[in-house]
$ cat coords30.txt   # compact mmCIF, C-alpha atoms and all ligand atoms
# COMPACT_ATOMS: atom_id res chain seq x y z
CA MET A 8 -7.23 40.19 45.45
CA LYS A 9 -5.26 40.78 42.33
CA LEU A 10 -3.63 37.42 42.64
CA TYR A 11 -7.04 35.79 43.20
CA SER A 12 -8.44 37.36 39.99
CA PHE A 13 -5.42 36.26 38.06
CA SER A 14 -5.93 32.70 39.35
CA LYS A 15 -9.57 32.77 38.30
CA ILE A 16 -8.64 33.95 34.80
CA THR A 17 -5.93 31.32 34.59
CA LEU A 18 -8.39 28.66 35.68
CA ALA A 19 -10.95 29.84 33.12
CA ILE A 20 -8.35 29.76 30.31
CA ALA A 21 -7.12 26.35 31.41
CA THR A 22 -10.69 25.03 31.44
CA LEU A 23 -11.34 26.44 27.97
CA ILE A 24 -8.16 24.84 26.62
CA MET A 25 -9.14 21.52 28.20
CA LEU A 26 -12.62 21.69 26.66
CA LEU A 27 -11.25 22.54 23.21
CA HIS A 28 -8.68 19.81 23.53
CA ALA A 29 -11.29 17.25 24.63
CA ASN A 30 -13.56 18.30 21.76
CA ASN A 31 -10.75 17.87 19.26
CA ILE A 32 -9.80 14.51 20.64
CA TYR A 33 -13.42 13.47 20.29
CA SER A 34 -13.57 14.53 16.61
CA GLN A 35 -11.71 11.69 15.12
CA ILE A 36 -11.25 8.33 13.52
CA VAL A 37 -8.68 6.01 14.99
CA PHE A 38 -8.48 2.57 13.46
CA PRO A 39 -4.96 1.34 14.22
CA SER A 40 -2.78 -1.17 12.44
CA GLN A 41 -2.79 -4.66 13.99
CA SER A 42 -6.56 -4.33 14.47
CA THR A 43 -8.83 -7.35 14.83
CA TYR A 44 -10.82 -8.56 11.80
CA LYS A 45 -13.18 -11.31 10.81
CA TYR A 46 -11.56 -13.06 7.84
CA LEU A 47 -12.31 -15.69 5.22
CA ARG A 48 -9.69 -17.56 3.20
CA GLY A 49 -10.10 -17.58 -0.57
CA ASN A 50 -10.52 -21.36 -0.73
CA GLU A 51 -13.60 -21.00 1.51
CA ALA A 52 -15.07 -18.14 -0.55
CA GLN A 53 -16.22 -19.85 -3.79
CA SER A 54 -19.87 -19.00 -3.09
CA LEU A 55 -19.31 -15.74 -1.24
CA GLY A 56 -20.98 -13.44 -3.76
CA THR A 57 -20.65 -9.66 -3.56
CA ASN A 58 -22.67 -8.57 -0.52
CA TRP A 59 -19.86 -9.41 1.92
CA VAL A 60 -18.72 -5.75 1.77
CA ASN A 61 -22.03 -4.48 3.20
CA PRO A 62 -22.59 -3.51 6.86
CA ASP A 63 -25.45 -6.01 7.35
CA PHE A 64 -23.53 -9.04 6.04
CA ASP A 65 -23.42 -11.87 8.58
CA ASP A 66 -19.73 -12.69 9.13
CA SER A 67 -20.33 -14.73 12.29
CA PHE A 68 -19.05 -17.89 10.58
CA TRP A 69 -15.75 -16.25 9.57
CA ASP A 70 -12.56 -16.70 11.58
CA GLU A 71 -11.25 -13.90 13.75
CA GLY A 72 -7.66 -12.68 13.94
CA SER A 73 -5.46 -9.62 14.14
CA ALA A 74 -3.52 -7.98 11.35
CA PRO A 75 -1.08 -8.27 9.74
CA PHE A 76 -2.37 -11.27 7.78
CA ARG A 77 0.69 -12.66 6.11
CA TYR A 78 3.16 -15.31 5.19
CA GLY A 79 6.79 -15.07 4.14
CA ASP A 80 7.30 -11.48 5.28
CA GLY A 81 6.79 -9.63 8.55
CA GLU A 82 6.01 -10.91 12.00
CA GLY A 83 3.11 -11.06 14.46
CA GLY A 84 -0.56 -10.93 13.55
CA SER A 85 -2.13 -13.91 11.82
CA GLU A 86 0.26 -16.10 9.87
CA LEU A 87 -1.40 -17.86 6.93
CA SER A 88 0.92 -20.84 6.72
CA ASP A 89 -1.57 -22.70 4.51
CA MET A 90 -1.98 -19.94 1.90
CA ASN A 91 0.85 -20.60 -0.56
CA GLY A 92 -0.45 -23.03 -3.19
CA ASN A 93 -3.97 -23.24 -1.70
CA TYR A 94 -5.56 -19.79 -2.09
CA SER A 95 -4.55 -16.42 -3.49
CA THR A 96 -7.13 -14.18 -1.81
CA LEU A 97 -8.28 -13.10 1.63
CA PHE A 98 -11.54 -11.37 2.63
CA LEU A 99 -11.54 -9.16 5.75
CA ARG A 100 -14.18 -7.26 7.70
CA SER A 101 -13.93 -4.96 10.71
CA LYS A 102 -15.65 -1.99 12.39
CA PHE A 103 -14.47 1.46 13.43
CA GLU A 104 -16.02 4.49 15.11
CA VAL A 105 -16.34 7.97 13.64
CA ASN A 106 -16.97 10.80 16.09
CA ASN A 107 -17.97 14.36 15.16
CA LEU A 108 -17.82 13.64 11.43
CA GLU A 109 -18.68 17.27 10.60
CA ASN A 110 -15.32 18.39 12.01
CA ILE A 111 -13.25 15.93 10.01
CA THR A 112 -11.67 17.10 6.77
CA ASN A 113 -9.07 14.71 5.43
CA THR A 114 -8.63 11.09 6.30
CA ILE A 115 -5.35 9.23 6.04
CA ILE A 116 -5.32 5.56 5.17
CA ALA A 117 -1.92 3.97 5.76
CA MET A 118 -1.56 0.75 3.78
CA ASP A 119 1.09 -1.93 3.99
CA TRP A 120 0.37 -4.66 1.45
CA ASP A 121 1.63 -7.46 -0.80
CA ASP A 122 0.51 -7.70 -3.62
CA GLY A 123 -2.96 -6.15 -4.25
CA PHE A 124 -5.98 -4.89 -2.32
CA ALA A 125 -9.36 -3.15 -2.52
CA LEU A 126 -11.08 -1.41 0.38
CA TRP A 127 -14.75 -0.63 1.03
CA ILE A 128 -16.36 1.58 3.67
CA ASN A 129 -20.04 0.85 4.37
CA GLY A 130 -20.31 -1.07 1.09
CA VAL A 131 -18.67 1.52 -1.19
CA GLU A 132 -15.21 0.91 -2.67
CA VAL A 133 -12.91 3.81 -1.73
CA LEU A 134 -9.34 2.69 -2.44
CA SER A 135 -7.42 -0.01 -4.31
CA GLN A 136 -3.95 -0.83 -5.61
CA GLN A 137 -2.91 -3.67 -7.96
CA ARG A 138 -6.58 -4.60 -7.89
CA PRO A 139 -7.81 -7.45 -10.14
CA GLU A 140 -10.54 -6.37 -12.56
CA THR A 141 -13.02 -8.75 -10.95
CA ILE A 142 -13.06 -9.61 -7.25
CA THR A 143 -13.30 -13.39 -7.07
CA TYR A 144 -12.13 -16.07 -4.65
CA ASP A 145 -9.31 -17.08 -7.04
CA ALA A 146 -8.32 -13.63 -8.35
CA LEU A 147 -4.71 -12.51 -8.67
CA SER A 148 -3.28 -9.02 -8.25
CA SER A 149 -2.78 -6.96 -11.41
CA GLY A 150 0.85 -6.33 -10.44
CA GLN A 151 3.39 -6.87 -7.71
CA HIS A 152 3.90 -4.77 -4.59
CA GLU A 153 6.22 -5.32 -1.65
CA SER A 154 5.23 -4.87 1.99
CA GLY A 155 7.50 -3.38 4.64
CA THR A 156 6.66 0.33 4.35
CA SER A 157 3.24 1.88 4.93
CA GLU A 158 2.08 4.12 2.10
CA LEU A 159 -0.17 7.03 3.05
CA PHE A 160 -3.32 7.82 1.06
CA THR A 161 -4.88 11.17 2.01
CA ILE A 162 -8.54 11.12 1.00
CA ASP A 163 -11.19 13.85 1.24
CA VAL A 164 -13.66 12.77 3.88
CA GLU A 165 -16.54 13.30 1.43
CA ASP A 166 -15.15 10.52 -0.77
CA LEU A 167 -15.14 7.91 2.00
CA ASN A 168 -18.87 7.25 2.55
CA LEU A 169 -18.38 7.65 6.31
CA ILE A 170 -21.25 7.85 8.77
CA GLU A 171 -21.36 9.09 12.34
CA GLY A 172 -20.87 6.22 14.78
CA GLU A 173 -20.09 2.67 13.70
CA ASN A 174 -18.65 2.14 10.21
CA THR A 175 -17.98 -1.14 8.41
CA LEU A 176 -14.61 -1.74 6.77
CA ALA A 177 -14.22 -4.50 4.17
CA VAL A 178 -10.88 -5.40 2.62
CA PHE A 179 -10.04 -7.74 -0.24
CA ALA A 180 -6.37 -8.69 -0.41
CA CYS A 181 -4.73 -10.93 -2.99
CA ASN A 182 -1.39 -12.34 -4.01
CA THR A 183 0.27 -12.12 -7.39
CA SER A 184 0.07 -15.89 -7.96
CA LEU A 185 -1.43 -18.96 -6.33
CA SER A 186 1.81 -20.77 -5.63
CA GLY A 187 4.65 -18.78 -7.19
CA SER A 188 4.87 -15.98 -4.63
CA SER A 189 7.08 -16.23 -1.56
CA ASP A 190 5.07 -13.72 0.44
CA PHE A 191 1.71 -12.10 1.24
CA TYR A 192 0.92 -9.23 3.62
CA ILE A 193 -1.97 -6.92 4.51
CA ASP A 194 -2.37 -4.38 7.31
CA LEU A 195 -3.74 -0.85 7.45
CA SER A 196 -4.69 2.06 9.67
CA ILE A 197 -7.24 4.83 9.26
CA SER A 198 -6.90 8.18 11.01
CA ALA A 199 -8.37 11.65 10.64
CA VAL A 200 -7.59 15.32 10.80
CA ALA A 201 -10.26 17.32 12.62
CA GLN A 202 -11.00 20.99 12.12
CA LEU A 203 -12.48 23.00 14.97
CA SER A 204 -12.97 26.76 15.31
CA ASN A 205 -10.80 27.44 12.26
CA VAL A 206 -7.89 25.73 13.93
CA LEU A 207 -6.61 22.79 12.00
CA ASP A 208 -5.61 20.30 14.61
CA TYR A 209 -3.70 17.17 13.95
CA VAL A 210 -5.53 14.59 16.03
CA GLU A 211 -3.77 11.32 15.74
CA ILE A 212 -2.13 9.14 13.19
CA SER A 213 -1.58 5.51 13.89
CA ILE A 214 1.08 4.03 11.70
CA SER A 215 3.08 1.13 12.82
CA HIS A 216 4.09 -2.14 11.36
CA ASN A 217 6.09 -5.07 12.52
CA SER A 218 7.18 -6.31 9.15
CA GLY A 219 10.92 -6.62 9.40
CA PHE A 220 11.51 -8.39 6.14
CA TYR A 221 11.67 -7.11 2.64
CA GLY A 222 11.48 -10.23 0.53
CA SER A 223 10.76 -10.71 -3.13
CA ALA A 224 7.26 -10.90 -4.60
CA CA A 301 3.39 -11.78 -2.91
$ encode --input "coords30.txt" --output "structure tokens"
Amino acid sequence: MKLYSFSKITLAIATLIMLLHANNIYSQIVFPSQSTYKYLRGNEAQSLGTNWVNPDFDDSFWDEGSAPFRYGDGEGGSELSDMNGNYSTLFLRSKFEVNNLENITNTIIAMDWDDGFALWINGVEVLSQQRPETITYDALSSGQHESGTSELFTIDVEDLNLIEGENTLAVFACNTSLSGSSDFYIDLSISAVAQLSNVLDYVEISISHNSGFYGSA
């Protein structure tokens, strides 16, 4: 009998751990690198306007491809062999799910880019680096930045304009010159830390990149 009781207690504890674990896994954001996006080349974006960052924008006429979007550096993803000399910017849109938003504290955005970018969530700009003052189809980055290493930006979840369920990600990426740069690269991941029952639990971080080159800007 004693052994039976012990088994019951063990089973109860195991079930509780499984439930907590499942709940934690469910409280998360996982948007990995090499994700699929709708994208528009800068030389097709002269009349794009500014509402392309919004969730209800119709991107059905945009191309579709997986990150990284690049030329010169890296490997895999979508190679933009026509970019150098023809357009300096790229417009990207994608979706990601947020589950149990109330349990999420910090969010980590891992960026790998060359040379500048700005990022919107549900129409609100939340992060940028080497961003041009004005986002236009022919803009250039305000400085140079090399790809090859993901940089982590830890952002308070309250500053990210997240909603429960489906969220819209919009990314503007640009080069440092129209034809004088030997490379271009953009990829990112978004992941979250969930807090449950006063236990801070590291859920998942998705950082990976295939860029094997470290060329000049
Ligand atoms: Ca470049």
$ residues_near_ligand --input "coords30.txt" --ligand "ligand CA 301 (chain A)" --cutoff "10 Å" --atoms "all atoms listed in the file" --output "ChimeraX atom specification"
/A:77-80,91,95,120-123,147-148,150-154,181-192,222-224
$ write_last_selection --input "coords30.txt" --atoms "C-alpha atoms" --output "compact mmCIF listing (two decimals), in the frame of the given file"
# COMPACT_ATOMS: atom_id res chain seq x y z
CA ARG A 77 0.69 -12.66 6.11
CA TYR A 78 3.16 -15.31 5.19
CA GLY A 79 6.79 -15.07 4.14
CA ASP A 80 7.30 -11.48 5.28
CA ASN A 91 0.85 -20.60 -0.56
CA SER A 95 -4.55 -16.42 -3.49
CA TRP A 120 0.37 -4.66 1.45
CA ASP A 121 1.63 -7.46 -0.80
CA ASP A 122 0.51 -7.70 -3.62
CA GLY A 123 -2.96 -6.15 -4.25
CA LEU A 147 -4.71 -12.51 -8.67
CA SER A 148 -3.28 -9.02 -8.25
CA GLY A 150 0.85 -6.33 -10.44
CA GLN A 151 3.39 -6.87 -7.71
CA HIS A 152 3.90 -4.77 -4.59
CA GLU A 153 6.22 -5.32 -1.65
CA SER A 154 5.23 -4.87 1.99
CA CYS A 181 -4.73 -10.93 -2.99
CA ASN A 182 -1.39 -12.34 -4.01
CA THR A 183 0.27 -12.12 -7.39
CA SER A 184 0.07 -15.89 -7.96
CA LEU A 185 -1.43 -18.96 -6.33
CA SER A 186 1.81 -20.77 -5.63
CA GLY A 187 4.65 -18.78 -7.19
CA SER A 188 4.87 -15.98 -4.63
CA SER A 189 7.08 -16.23 -1.56
CA ASP A 190 5.07 -13.72 0.44
CA PHE A 191 1.71 -12.10 1.24
CA TYR A 192 0.92 -9.23 3.62
CA GLY A 222 11.48 -10.23 0.53
CA SER A 223 10.76 -10.71 -3.13
CA ALA A 224 7.26 -10.90 -4.60
$ atom_distance --input "coords30.txt" --atom1 "CA of Leu126 in chain A" --atom2 "CA of Glu86 in chain A"
20.8 Å
$ closest_residue --input "coords30.txt" --among "A:Ala180, A:Ala199, A:Ile128, A:Ala146" --to "Asp166 in chain A" --atoms "all atoms listed in the file"
A:Ile128
$ atom_distance --input "coords30.txt" --atom1 "CA of Asp145 in chain A" --atom2 "CA of Ala52 in chain A"
8.7 Å
$ closest_residue --input "coords30.txt" --among "A:Thr143, A:Thr96, A:Ser42, A:Ser85" --to "Leu55 in chain A" --atoms "all atoms listed in the file"
A:Thr143
$ closest_residue --input "coords30.txt" --among "A:Tyr44, A:Asn50, A:Ser198, A:Glu104" --to "Val178 in chain A" --atoms "only C-alpha atoms"
A:Tyr44
$ atom_distance --input "coords30.txt" --atom1 "CA of Ala177 in chain A" --atom2 "CA of Phe68 in chain A"
15.6 Å
$ residues_near_point --input "coords30.txt" --point "(-15.3, -2.7, 5.3)" --cutoff "12 Å" --atoms "all atoms listed in the file" --output "ChimeraX atom specification"
/A:38,44-46,58-64,66,98-103,125-134,167-169,173-179,195,197
$ residues_around --input "coords30.txt" --residues "Ile162 in chain A" --least-positions-apart "5" --cutoff "7 Å" --atoms "only C-alpha atoms" --output "PyMOL selection string"
chain A and resi 113-115
$ residues_around --input "coords30.txt" --residues "Val105 in chain A" --least-positions-apart "3" --cutoff "9 Å" --atoms "all atoms listed in the file" --output "PyMOL selection string"
chain A and resi 34-37+108+169-174
